[in-house]
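These notes are about the structure you will find just below.
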Amino acid sequence: MLARLVGYPLGTHMTVLSARSQTVRLAALALCVLLMPVVSLAQPLTLEQTAQEIARQHNANAKALIDDTTVSTSATADGKNVIVTYVIRIKQQLPKDKRDEFRKGIATEVMRGVCKSNADKDAFKQGLYYTLVYRSTEDELLSKLVVSKETCSKLK
């Protein structure tokens, strides 16, 4: 169903499974890469510094996350919160019920993927968290998810 909600150029076609898988893959890949060990320094980074470094690395690698669905992505850090914004291409003038279906599908799948990929990361365990913002190319807020150790524990 997500495949019908996401606009694809030149009449290309994706199955529901592949659209969902791609969404989860992108979010999990982005956040997994972001929480890779930061270059070791003489002193360990604080959670706030780690969040800043994750945002910097995300922005440096943003072009690699662009595809037929994802138009752009950027990240900022606010304390221990890494705010990642994705602008995605969806069909224009999609009915409200289909947008709600998209929001529910993306929330469930992205949360599970991000929680799984960060479960063993020390910074995540110590309180670093993410706010994932999904916007349409028309700047409509499609979904805003907070992913933290606490929200992940509620999924189990």
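Quick note on naming: the chains in the structure tokens go A, B, ... in the order shown, residues restart at 1 in each chain, and ligands are numbered from 1 in order of appearance.
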Check: Can you tell me, as a list in words, what residues are no more than 9 Å from Ala77 of chain A when counting only C-alpha atoms, ignoring any on the same chain fewer than 5 positions away?
Finding: Glu48, Gln49, Ala51, Gln52, Glu53, Ile54, Ala55, Arg56, Val82, Ile83 and Val84 of chain A
Margin query: Can you pull out the residues contacting Thr85 of chain A? Cut-off 6 Å, using only C-alpha atoms, and skip same-chain residues under 2 positions away; I want them as a ChimeraX atom specification.
Written below: /A:73-74,132-134
Selection to disk with all heavy atoms, as a compact mmCIF listing (two decimals), in the first residue's frame:
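The new file selection19.txt reads:
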```txt
# COMPACT_ATOMS: atom_id res chain seq x y z
N THR A 73 17.82 15.07 2.62
CA THR A 73 17.88 14.76 4.04
C THR A 73 18.94 15.64 4.69
O THR A 73 19.92 16.00 4.05
CB THR A 73 18.17 13.27 4.30
OG1 THR A 73 18.17 13.03 5.71
CG2 THR A 73 19.48 12.83 3.70
N SER A 74 18.69 16.01 5.93
CA SER A 74 19.65 16.80 6.68
C SER A 74 19.48 16.49 8.16
O SER A 74 18.45 15.97 8.58
CB SER A 74 19.45 18.30 6.42
OG SER A 74 18.18 18.69 6.88
N LEU A 132 12.95 11.89 14.09
CA LEU A 132 12.92 11.69 12.65
C LEU A 132 11.71 12.42 12.09
O LEU A 132 10.57 12.15 12.48
CB LEU A 132 12.84 10.20 12.34
CG LEU A 132 13.92 9.33 12.98
CD1 LEU A 132 13.68 7.87 12.69
CD2 LEU A 132 15.29 9.75 12.51
N VAL A 133 11.96 13.33 11.19
CA VAL A 133 10.91 14.16 10.61
C VAL A 133 10.81 13.83 9.13
O VAL A 133 11.82 13.88 8.41
CB VAL A 133 11.22 15.66 10.80
CG1 VAL A 133 10.12 16.52 10.19
CG2 VAL A 133 11.43 15.98 12.27
N TYR A 134 9.60 13.48 8.69
CA TYR A 134 9.36 13.19 7.28
C TYR A 134 8.43 14.25 6.73
O TYR A 134 7.33 14.47 7.26
CB TYR A 134 8.72 11.79 7.12
CG TYR A 134 9.68 10.70 7.49
CD1 TYR A 134 9.81 10.28 8.81
CD2 TYR A 134 10.46 10.09 6.52
CE1 TYR A 134 10.71 9.29 9.15
CE2 TYR A 134 11.36 9.09 6.85
CZ TYR A 134 11.47 8.70 8.17
OH TYR A 134 12.36 7.72 8.52
```
Checklist line | Close residues, Ile88 of chain A itself excluded, 6 Å, only C-alpha atoms, min 5 positions apart in chain, as a PyMOL selection string | finding: chain A and resi 69-71+136
Checklist line | One-decimal distance in Å that lies between atom CA of Leu142 of chain A and atom CA of Phe102 of chain A | finding: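 Distance reported for this atom pair: 8.1 Å.
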Check: Closest to Cys115 of chain A among A:Lys80, A:Gly127, A:Thr151, A:Val87, using only C-alpha atoms?
Finding: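 Of all the options, A:Thr151 lies closest to Cys115 of chain A.
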Margin query: When DSSP is applied to the backbone of this structure, which of segment 57-151 of chain A are assigned helix (DSSP H, G or I)? Write them out as a PyMOL selection string.
Written below: chain A and resi 57-60+62-65+96-118+122-125+149-151
